[in-house]
>>> print(open('start-v4.pdb').read())   # PDB, C-alpha atoms
ATOM      1  CA  MET A1408     -41.023  36.183  91.902
ATOM      2  CA  SER A1409     -44.481  37.059  90.669
ATOM      3  CA  GLU A1410     -44.801  39.658  93.475
ATOM      4  CA  LEU A1411     -41.531  41.234  92.368
ATOM      5  CA  SER A1412     -42.613  41.422  88.767
ATOM      6  CA  ALA A1413     -45.987  42.831  89.825
ATOM      7  CA  GLU A1414     -44.159  45.510  91.813
ATOM      8  CA  GLY A1415     -41.997  46.266  88.794
ATOM      9  CA  ARG A1416     -45.074  46.603  86.619
ATOM     10  CA  ASN A1417     -46.661  48.976  89.132
ATOM     11  CA  LYS A1418     -43.514  51.118  89.235
ATOM     12  CA  SER A1419     -43.205  51.284  85.466
ATOM     13  CA  ARG A1420     -46.870  52.210  84.981
ATOM     14  CA  PRO A1421     -46.488  55.934  85.868
ATOM     15  CA  TRP A1422     -43.438  56.159  83.590
ATOM     16  CA  ARG A1423     -45.298  54.504  80.732
ATOM     17  CA  GLN A1424     -48.212  56.882  81.260
ATOM     18  CA  LEU A1425     -45.857  59.863  81.466
ATOM     19  CA  LYS A1426     -44.188  58.823  78.218
ATOM     20  CA  SER A1427     -47.532  58.480  76.475
ATOM     21  CA  GLU A1428     -48.654  61.887  77.823
ATOM     22  CA  VAL A1429     -45.432  63.519  76.596
ATOM     23  CA  ALA A1430     -45.839  61.845  73.193
ATOM     24  CA  LEU A1431     -49.453  63.063  72.982
ATOM     25  CA  GLY A1432     -48.448  66.616  74.005
ATOM     26  CA  VAL A1433     -45.605  66.761  71.463
ATOM     27  CA  PHE A1434     -47.936  65.425  68.754
ATOM     28  CA  VAL A1435     -50.551  68.098  69.546
ATOM     29  CA  ALA A1436     -47.829  70.773  69.543
ATOM     30  CA  ALA A1437     -46.526  69.452  66.195
ATOM     31  CA  VAL A1438     -50.017  69.822  64.710
ATOM     32  CA  PHE A1439     -50.154  73.461  65.885
ATOM     33  CA  VAL A1440     -46.644  74.102  64.505
ATOM     34  CA  ALA A1441     -47.702  72.605  61.155
ATOM     35  CA  LEU A1442     -50.835  74.787  61.068
ATOM     36  CA  GLY A1443     -48.777  77.843  62.067
ATOM     37  CA  THR A1444     -46.185  77.116  59.375
ATOM     38  CA  PHE A1445     -48.263  76.002  56.411
ATOM     39  CA  VAL A1446     -51.702  77.609  56.958
ATOM     40  CA  PHE A1447     -51.809  80.416  59.542
ATOM     41  CA  SER A1448     -48.325  81.817  59.003
ATOM     42  CA  GLU A1449     -49.025  85.448  58.070
ATOM     43  CA  SER A1450     -48.592  87.753  61.076
ATOM     44  CA  LEU A1451     -50.089  91.262  61.002
ATOM     45  CA  GLU A1452     -50.655  92.089  64.660
ATOM     46  CA  THR A1453     -52.588  95.189  65.702
ATOM     47  CA  LEU A1454     -49.547  96.727  67.343
ATOM     48  CA  ASP A1455     -47.385  96.283  64.233
ATOM     49  CA  VAL A1456     -50.104  97.691  61.954
ATOM     50  CA  LYS A1457     -50.600 100.792  64.146
ATOM     51  CA  ALA A1458     -46.849 101.361  64.299
ATOM     52  CA  GLU A1459     -46.559 100.988  60.548
ATOM     53  CA  GLU A1460     -49.240 103.666  60.113
ATOM     54  CA  LEU A1461     -46.892 105.989  62.020
ATOM     55  CA  GLY A1462     -44.053 105.031  59.746
ATOM     56  CA  PHE A1463     -41.838 103.172  62.136
ATOM     57  CA  GLU A1464     -41.124  99.552  62.868
ATOM     58  CA  GLY A1465     -40.179  97.760  66.026
ATOM     59  CA  LEU A1466     -36.477  97.235  66.625
ATOM     60  CA  ASN A1467     -34.555  94.264  67.907
ATOM     61  CA  LEU A1468     -31.674  95.465  70.024
ATOM     62  CA  LEU A1469     -30.265  91.959  70.465
ATOM     63  CA  PRO A1470     -29.494  89.777  67.464
ATOM     64  CA  SER A1471     -31.604  86.624  67.570
ATOM     65  CA  PRO A1472     -30.668  83.387  65.821
ATOM     66  CA  PHE A1473     -34.124  82.760  64.340
ATOM     67  CA  PRO A1474     -35.985  86.030  63.717
ATOM     68  CA  GLU A1475     -39.652  85.565  62.710
ATOM     69  CA  TYR A1476     -39.418  81.867  63.686
ATOM     70  CA  ALA A1477     -37.362  81.095  60.568
ATOM     71  CA  VAL A1478     -33.822  80.081  59.704
ATOM     72  CA  PRO A1479     -32.199  83.126  58.066
ATOM     73  CA  GLY A1480     -31.565  82.498  54.389
ATOM     74  CA  LEU A1481     -33.755  79.399  54.248
ATOM     75  CA  GLU A1482     -37.276  80.263  53.123
ATOM     76  CA  ASP A1483     -38.421  76.660  52.786
ATOM     77  CA  PRO A1484     -41.563  76.194  54.961
ATOM     78  CA  PHE A1485     -40.472  72.636  55.759
ATOM     79  CA  VAL A1486     -37.279  73.991  57.367
ATOM     80  CA  THR A1487     -39.428  76.438  59.348
ATOM     81  CA  PHE A1488     -41.619  73.523  60.417
ATOM     82  CA  LEU A1489     -38.575  71.551  61.603
ATOM     83  CA  LEU A1490     -37.338  74.615  63.497
ATOM     84  CA  GLY A1491     -40.777  74.858  65.115
ATOM     85  CA  ILE A1492     -40.613  71.225  66.252
ATOM     86  CA  ALA A1493     -37.078  71.714  67.610
ATOM     87  CA  SER A1494     -38.293  74.845  69.428
ATOM     88  CA  VAL A1495     -41.189  72.959  71.008
ATOM     89  CA  LEU A1496     -38.769  70.306  72.296
ATOM     90  CA  LEU A1497     -36.490  73.057  73.619
ATOM     91  CA  VAL A1498     -39.398  74.748  75.439
ATOM     92  CA  LEU A1499     -40.411  71.357  76.831
ATOM     93  CA  ALA A1500     -36.870  70.709  78.127
ATOM     94  CA  VAL A1501     -36.390  74.206  79.571
ATOM     95  CA  SER A1502     -39.741  74.275  81.347
ATOM     96  CA  PHE A1503     -39.161  70.748  82.698
ATOM     97  CA  ALA A1504     -35.757  71.887  84.009
ATOM     98  CA  VAL A1505     -37.337  74.981  85.590
ATOM     99  CA  GLY A1506     -39.979  72.763  87.201
ATOM    100  CA  LYS A1507     -37.275  70.454  88.585
ATOM    101  CA  LEU A1508     -35.324  73.462  89.881
ATOM    102  CA  LEU A1509     -38.409  74.592  91.729
ATOM    103  CA  GLY A1510     -38.267  71.287  93.578
ATOM    104  CA  ALA A1511     -41.091  68.789  93.717
ATOM    105  CA  ARG A1512     -42.739  67.490  96.825
ATOM    106  CA  GLN A1513     -44.468  64.156  97.060
ATOM    107  CA  THR A1514     -47.913  64.064  95.531
ATOM    108  CA  SER A1515     -50.440  65.052  98.164
ATOM    109  CA  ARG A1516     -52.596  62.412  99.877
ATOM    110  CA  GLY A1517     -50.213  59.731  98.676
ATOM    111  CA  VAL A1518     -51.918  59.611  95.333
ATOM    112  CA  PRO A1519     -49.528  58.239  92.721
ATOM    113  CA  SER A1520     -48.858  60.663  89.932
ATOM    114  CA  ALA A1521     -50.699  59.222  86.979
TER     115      ALA A1521
ATOM    116  CA  MET B 167     -49.357  91.607  71.964
ATOM    117  CA  HIS B 168     -45.564  91.206  72.082
ATOM    118  CA  ILE B 169     -44.128  94.721  72.327
ATOM    119  CA  PRO B 170     -40.834  95.098  70.422
ATOM    120  CA  ASP B 171     -37.853  97.294  71.300
ATOM    121  CA  GLY B 172     -38.210 100.985  70.531
ATOM    122  CA  PHE B 173     -41.879 101.394  71.507
ATOM    123  CA  LEU B 174     -41.574 102.095  75.242
ATOM    124  CA  SER B 175     -40.056 105.028  77.115
ATOM    125  CA  LEU B 176     -37.324 104.530  79.722
ATOM    126  CA  PRO B 177     -39.621 105.181  82.728
ATOM    127  CA  ILE B 178     -42.162 102.650  81.440
ATOM    128  CA  ILE B 179     -39.383 100.111  80.767
ATOM    129  CA  SER B 180     -38.051 100.605  84.303
ATOM    130  CA  ILE B 181     -41.446 100.395  86.014
ATOM    131  CA  THR B 182     -42.615  97.329  84.071
ATOM    132  CA  TYR B 183     -39.324  95.493  84.677
ATOM    133  CA  ALA B 184     -39.510  96.276  88.407
ATOM    134  CA  VAL B 185     -43.118  95.076  88.714
ATOM    135  CA  ALA B 186     -42.538  91.973  86.590
ATOM    136  CA  LEU B 187     -39.396  90.938  88.460
ATOM    137  CA  GLY B 188     -41.077  91.592  91.808
ATOM    138  CA  VAL B 189     -44.106  89.435  91.011
ATOM    139  CA  LEU B 190     -41.949  86.703  89.474
ATOM    140  CA  ALA B 191     -39.766  86.636  92.591
ATOM    141  CA  LEU B 192     -42.948  86.173  94.620
ATOM    142  CA  SER B 193     -44.078  83.389  92.264
ATOM    143  CA  PHE B 194     -40.770  81.537  92.661
ATOM    144  CA  ARG B 195     -40.972  81.962  96.425
ATOM    145  CA  LYS B 196     -44.529  80.606  96.513
ATOM    146  CA  VAL B 197     -43.780  77.485  94.466
ATOM    147  CA  LYS B 198     -40.181  76.742  95.510
ATOM    148  CA  GLY B 199     -40.135  73.281  97.066
ATOM    149  CA  ASN B 200     -43.905  73.194  96.913
ATOM    150  CA  VAL B 201     -44.666  71.900  93.425
ATOM    151  CA  ASP B 202     -46.666  68.712  93.291
ATOM    152  CA  GLU B 203     -44.537  66.167  91.414
ATOM    153  CA  GLN B 204     -47.294  65.465  88.879
ATOM    154  CA  MET B 205     -47.425  69.179  88.005
ATOM    155  CA  ILE B 206     -43.864  69.352  86.628
ATOM    156  CA  PRO B 207     -44.370  67.242  83.467
ATOM    157  CA  LEU B 208     -47.813  68.814  83.048
ATOM    158  CA  MET B 209     -46.315  72.298  83.294
ATOM    159  CA  ALA B 210     -43.607  71.389  80.757
ATOM    160  CA  LEU B 211     -46.140  69.930  78.327
ATOM    161  CA  LEU B 212     -48.593  72.833  78.593
ATOM    162  CA  THR B 213     -45.764  75.346  78.182
ATOM    163  CA  ALA B 214     -44.603  73.587  75.005
ATOM    164  CA  VAL B 215     -48.138  73.252  73.621
ATOM    165  CA  PHE B 216     -49.026  76.924  74.219
ATOM    166  CA  PHE B 217     -45.696  77.988  72.730
ATOM    167  CA  SER B 218     -46.736  76.151  69.557
ATOM    168  CA  VAL B 219     -50.276  77.599  69.742
ATOM    169  CA  GLN B 220     -48.780  81.105  69.646
ATOM    170  CA  MET B 221     -47.226  80.290  66.254
ATOM    171  CA  MET B 222     -50.684  80.221  64.628
ATOM    172  CA  ASN B 223     -51.882  83.616  63.388
ATOM    173  CA  TYR B 224     -55.528  83.796  62.402
ATOM    174  CA  PRO B 225     -57.240  86.781  60.717
ATOM    175  CA  ILE B 226     -59.409  89.075  62.863
ATOM    176  CA  ILE B 227     -60.717  92.588  62.127
ATOM    177  CA  GLY B 228     -59.246  95.358  59.976
ATOM    178  CA  GLY B 229     -56.909  93.083  58.034
ATOM    179  CA  THR B 230     -54.947  92.211  61.145
ATOM    180  CA  THR B 231     -54.131  88.818  62.607
ATOM    181  CA  ALA B 232     -53.933  87.491  66.133
ATOM    182  CA  HIS B 233     -52.777  84.438  67.990
ATOM    183  CA  LEU B 234     -54.045  82.796  71.131
ATOM    184  CA  MET B 235     -52.083  83.608  74.287
ATOM    185  CA  GLY B 236     -52.606  80.447  76.344
ATOM    186  CA  ALA B 237     -51.946  82.312  79.580
ATOM    187  CA  PRO B 238     -55.507  81.884  80.968
ATOM    188  CA  ALA B 239     -55.370  78.108  80.597
ATOM    189  CA  LEU B 240     -51.938  78.013  82.233
ATOM    190  CA  GLY B 241     -53.232  80.094  85.142
ATOM    191  CA  ILE B 242     -56.379  78.059  85.715
ATOM    192  CA  ILE B 243     -54.707  74.645  85.353
ATOM    193  CA  LEU B 244     -51.328  75.291  86.999
ATOM    194  CA  GLY B 245     -52.393  78.029  89.393
ATOM    195  CA  PRO B 246     -51.294  81.694  89.324
ATOM    196  CA  TRP B 247     -47.707  81.237  90.550
ATOM    197  CA  LEU B 248     -46.616  78.244  88.491
ATOM    198  CA  GLY B 249     -48.687  79.527  85.552
ATOM    199  CA  SER B 250     -46.853  82.863  85.543
ATOM    200  CA  ILE B 251     -43.478  81.071  85.580
ATOM    201  CA  SER B 252     -44.599  78.818  82.723
ATOM    202  CA  MET B 253     -45.702  81.791  80.598
ATOM    203  CA  THR B 254     -42.456  83.619  81.409
ATOM    204  CA  VAL B 255     -40.438  80.675  80.040
ATOM    205  CA  ILE B 256     -42.317  81.077  76.740
ATOM    206  CA  LEU B 257     -41.792  84.860  76.618
ATOM    207  CA  VAL B 258     -38.073  84.713  77.459
ATOM    208  CA  LEU B 259     -37.373  82.084  74.770
ATOM    209  CA  GLN B 260     -39.478  83.987  72.225
ATOM    210  CA  CYS B 261     -37.550  87.180  72.995
ATOM    211  CA  PHE B 262     -34.009  85.804  72.847
ATOM    212  CA  LEU B 263     -34.372  83.113  70.153
ATOM    213  CA  PHE B 264     -37.027  84.479  67.808
ATOM    214  CA  ALA B 265     -37.001  88.267  68.324
ATOM    215  CA  ASP B 266     -40.688  88.032  69.233
ATOM    216  CA  GLY B 267     -40.887  90.888  71.749
ATOM    217  CA  GLY B 268     -37.966  93.177  72.535
ATOM    218  CA  VAL B 269     -35.516  92.775  75.387
ATOM    219  CA  THR B 270     -36.315  96.300  76.633
ATOM    220  CA  ALA B 271     -40.018  95.397  76.545
ATOM    221  CA  LEU B 272     -39.595  91.993  78.183
ATOM    222  CA  GLY B 273     -40.690  93.353  81.560
ATOM    223  CA  ALA B 274     -43.840  94.831  79.976
ATOM    224  CA  ASN B 275     -44.564  91.644  78.033
ATOM    225  CA  ILE B 276     -44.163  89.525  81.173
ATOM    226  CA  LEU B 277     -46.426  91.920  83.085
ATOM    227  CA  ASN B 278     -49.123  91.893  80.371
ATOM    228  CA  MET B 279     -49.127  88.215  79.452
ATOM    229  CA  ALA B 280     -47.468  86.207  82.250
ATOM    230  CA  ILE B 281     -48.903  88.162  85.168
ATOM    231  CA  ILE B 282     -52.149  89.883  84.094
ATOM    232  CA  GLY B 283     -52.887  87.244  81.432
ATOM    233  CA  VAL B 284     -52.395  84.410  83.926
ATOM    234  CA  MET B 285     -53.589  85.849  87.230
ATOM    235  CA  VAL B 286     -56.753  87.705  86.169
ATOM    236  CA  PRO B 287     -58.350  84.551  84.687
ATOM    237  CA  TYR B 288     -57.338  82.533  87.742
ATOM    238  CA  LEU B 289     -58.771  85.113  90.153
ATOM    239  CA  PHE B 290     -62.037  85.507  88.242
ATOM    240  CA  TYR B 291     -62.420  81.758  87.833
ATOM    241  CA  SER B 292     -61.705  81.172  91.538
ATOM    242  CA  LEU B 293     -64.241  83.796  92.640
ATOM    243  CA  VAL B 294     -67.040  82.670  90.311
ATOM    244  CA  SER B 295     -66.526  78.940  90.772
ATOM    245  CA  ARG B 296     -66.976  79.304  94.539
ATOM    246  CA  ARG B 297     -70.692  79.520  93.808
ATOM    247  CA  GLY B 298     -70.453  75.898  92.735
ATOM    248  CA  GLY B 299     -72.164  74.162  89.857
ATOM    249  CA  LYS B 300     -71.104  73.438  86.341
ATOM    250  CA  GLY B 301     -72.501  76.710  84.936
ATOM    251  CA  ALA B 302     -70.488  78.858  87.336
ATOM    252  CA  MET B 303     -67.334  76.879  86.514
ATOM    253  CA  LEU B 304     -67.806  77.293  82.774
ATOM    254  CA  VAL B 305     -68.650  81.013  83.057
ATOM    255  CA  GLY B 306     -65.666  81.482  85.352
ATOM    256  CA  ILE B 307     -63.278  79.882  82.867
ATOM    257  CA  PHE B 308     -64.718  81.581  79.748
ATOM    258  CA  VAL B 309     -65.128  85.099  81.147
ATOM    259  CA  GLY B 310     -61.880  84.821  83.122
ATOM    260  CA  ALA B 311     -59.955  83.958  79.951
ATOM    261  CA  PHE B 312     -61.668  86.793  78.054
ATOM    262  CA  LEU B 313     -60.818  89.305  80.798
ATOM    263  CA  GLY B 314     -57.236  88.105  81.031
ATOM    264  CA  ASP B 315     -56.721  88.645  77.316
ATOM    265  CA  VAL B 316     -58.457  92.032  77.156
ATOM    266  CA  LEU B 317     -56.923  93.438  80.353
ATOM    267  CA  GLY B 318     -53.457  92.292  79.260
ATOM    268  CA  ALA B 319     -54.005  94.190  75.994
ATOM    269  CA  VAL B 320     -55.349  97.254  77.838
ATOM    270  CA  SER B 321     -52.231  97.204  80.007
ATOM    271  CA  ALA B 322     -50.079  97.095  76.856
ATOM    272  CA  GLY B 323     -52.118 100.003  75.450
ATOM    273  CA  ILE B 324     -51.536 102.038  78.624
ATOM    274  CA  GLN B 325     -47.794 101.347  78.532
ATOM    275  CA  LEU B 326     -47.639 102.390  74.875
ATOM    276  CA  GLY B 327     -49.858 105.431  75.400
ATOM    277  CA  LEU B 328     -47.747 106.620  78.328
ATOM    278  CA  SER B 329     -44.611 106.173  76.203
ATOM    279  CA  ALA B 330     -45.596 109.070  73.911
ATOM    280  CA  PRO B 331     -43.899 110.754  72.114
ATOM    281  CA  ILE B 332     -41.778 107.641  71.446
ATOM    282  CA  PHE B 333     -44.925 105.759  70.484
ATOM    283  CA  GLN B 334     -46.791 108.683  68.985
ATOM    284  CA  TYR B 335     -50.334 107.562  69.744
ATOM    285  CA  GLY B 336     -51.592 108.693  73.128
ATOM    286  CA  LEU B 337     -53.751 106.718  75.538
ATOM    287  CA  ALA B 338     -56.938 107.775  73.710
ATOM    288  CA  VAL B 339     -55.845 105.794  70.658
ATOM    289  CA  SER B 340     -53.608 103.030  71.989
ATOM    290  CA  VAL B 341     -55.940 101.679  74.680
ATOM    291  CA  PRO B 342     -59.132 101.370  72.566
ATOM    292  CA  ALA B 343     -57.159  99.970  69.616
ATOM    293  CA  MET B 344     -55.664  97.204  71.729
ATOM    294  CA  ALA B 345     -58.877  96.573  73.701
ATOM    295  CA  ILE B 346     -61.179  96.300  70.672
ATOM    296  CA  HIS B 347     -58.926  93.955  68.742
ATOM    297  CA  HIS B 348     -58.226  91.794  71.761
ATOM    298  CA  SER B 349     -61.922  91.538  72.584
ATOM    299  CA  VAL B 350     -62.224  89.433  69.440
ATOM    300  CA  ILE B 351     -59.184  87.395  70.442
ATOM    301  CA  GLY B 352     -60.557  87.140  73.982
ATOM    302  CA  VAL B 353     -63.704  85.349  72.814
ATOM    303  CA  ALA B 354     -61.591  82.765  70.989
ATOM    304  CA  GLU B 355     -59.304  82.526  74.005
ATOM    305  CA  GLY B 356     -62.347  81.874  76.203
ATOM    306  CA  PHE B 357     -63.594  78.979  74.073
ATOM    307  CA  VAL B 358     -60.125  77.442  73.712
ATOM    308  CA  THR B 359     -59.427  77.791  77.436
ATOM    309  CA  LEU B 360     -62.726  76.056  78.207
ATOM    310  CA  MET B 361     -61.848  73.161  75.914
ATOM    311  CA  VAL B 362     -58.259  72.855  77.145
ATOM    312  CA  VAL B 363     -59.094  72.981  80.862
ATOM    313  CA  TYR B 364     -61.949  70.518  80.404
ATOM    314  CA  ALA B 365     -59.763  68.129  78.364
ATOM    315  CA  VAL B 366     -56.813  68.284  80.759
ATOM    316  CA  VAL B 367     -58.984  67.614  83.802
ATOM    317  CA  LYS B 368     -60.723  64.760  81.995
ATOM    318  CA  VAL B 369     -57.443  63.152  80.935
ATOM    319  CA  LYS B 370     -55.682  63.813  84.231
ATOM    320  CA  PRO B 371     -58.266  63.531  87.030
ATOM    321  CA  THR B 372     -55.563  63.379  89.747
ATOM    322  CA  LEU B 373     -55.022  67.073  89.036
ATOM    323  CA  GLN B 374     -57.662  67.809  91.669
ATOM    324  CA  TYR B 375     -55.153  66.872  94.379
ATOM    325  CA  SER B 376     -52.708  69.518  93.172
ATOM    326  CA  ASN B 377     -55.205  72.184  92.178
ATOM    327  CA  LYS B 378     -58.179  72.063  94.525
ATOM    328  CA  GLY B 379     -60.041  74.659  92.459
ATOM    329  CA  LEU B 380     -60.457  72.115  89.680
ATOM    330  CA  SER B 381     -62.146  69.457  91.792
ATOM    331  CA  ASN B 382     -65.620  70.851  91.075
ATOM    332  CA  LEU B 383     -64.929  70.743  87.358
ATOM    333  CA  LEU B 384     -63.844  67.144  87.767
ATOM    334  CA  LEU B 385     -67.292  66.364  89.130
ATOM    335  CA  SER B 386     -68.854  67.937  86.098
ATOM    336  CA  THR B 387     -66.708  65.823  83.760
ATOM    337  CA  GLY B 388     -67.940  62.659  85.419
ATOM    338  CA  GLY B 389     -65.030  62.116  87.780
ATOM    339  CA  VAL B 390     -65.197  61.261  91.458
ATOM    340  CA  LYS B 391     -64.327  63.890  93.983
ATOM    341  CA  ASN B 392     -62.528  62.551  97.038
ATOM    342  CA  GLU B 393     -62.959  64.562 100.182
TER     343      GLU B 393
END
>>> encode(input="start-v4.pdb", output="structure tokens")
Amino acid sequence: MSELSAEGRNKSRPWRQLKSEVALGVFVAAVFVALGTFVFSESLETLDVKAEELGFEGLNLLPSPFPEYAVPGLEDPFVTFLLGIASVLLVLAVSFAVGKLLGARQTSRGVPSA
Amino acid sequence: MHIPDGFLSLPIISITYAVALGVLALSFRKVKGNVDEQMIPLMALLTAVFFSVQMMNYPIIGGTTAHLMGAPALGIILGPWLGSISMTVILVLQCFLFADGGVTALGANILNMAIIGVMVPYLFYSLVSRRGGKGAMLVGIFVGAFLGDVLGAVSAGIQLGLSAPIFQYGLAVSVPAMAIHHSVIGVAEGFVTLMVVYAVVKVKPTLQYSNKGLSNLLLSTGGVKNE
């Protein structure tokens, strides 16, 4: 009985660690989104400035749902922050799915993924 | 560095798409069925974190702003093939959801940031770190990240300069403008890449089994290298 529970604990350890790593990563990303929304939000990139000097602006041939990382018609920075968090979770899910599609092999040398 | 629609000529769009798709196809072929299982959640997390990092715009020179690219850290930690796929995920979502970079320029943006921005730092880091020692590792990461950022920008400058008269500045203006500004960004990218790579290896020492190039850095962070 105790061996079984010990085995269960060993199996759940990588999952627990993975969950804590994901939580840490999402927290770090949320901090960057908050800084990007509330502090470092103004974007004046070199390319845009040079183009503006010539009197033309970049186009967007395809309509995008959230131009300039904002919800159209909602200027509230808190809404932009929430959109940023949702976007981070979307990127996390898409890149995880892409990684799974690429197909994992067992960790080399039999080292458990920690 | 995200090039929008309307800046590039049709030949440049065609060439950059062809090169980007070719290298990405090679990346998928290299990693297909060959990704270490511990790399998948790490790749997803790093992709999400560097997506969020790109949302921060800090002031640089001439009243302009810049954001970190993250590509060098992705390349050094995940390797050139998986790193380029990770950066491409960011660029594709930025293009289609947030209009950050045009769909006609997506090939160029992938070439500049997901291929040059990822692979140049990895190559430089790999070459320099072969000398061994903590100093070589740190120089390899810092200078590699700097070069990745600057050469990605130079590539963008060349694409824009060769797109004249659509983008009316020629090479003589577009290349130095991009290179000078991104030299400043490159220094910041170098420091951040150093910190990120060091932190990731410290937190996840088993990474050395997936990315052999990082095993020397693991030694320098106090870990144990298993031969």
>>> atom_distance(input="start-v4.pdb", atom1="CA of Ile251 (chain B)", atom2="CA of Val219 (chain B)")
17.6 Å
>>> residues_around(input="start-v4.pdb", residues="Gly306 (chain B)", least_positions_apart="4", cutoff="8 Å", atoms="all atoms listed in the file", output="list in words")
Pro287, Phe290, Tyr291, Ser292, Leu293, Val294, Ser295, Ala302 and Gly310 of chain B
>>> atom_distance(input="start-v4.pdb", atom1="CA of Ala1441 (chain A)", atom2="CA of Leu263 (chain B)")
19.2 Å
>>> closest_residue(input="start-v4.pdb", among="B:Gly245, B:Pro170, B:Pro371, B:Pro207", to="Asp1455 (chain A)", atoms="only C-alpha atoms")
B:Pro170
>>> interface_residues(input="start-v4.pdb", of="chain B", to="chain A", cutoff="8 Å", atoms="all atoms listed in the file", output="PyMOL selection string")
chain B and resi 167+169-173+194+197-204+206-207+209-219+221-224+229-232+252+255-256+259+262-266+268-269+333-334+343-344+347+370+372+375-376
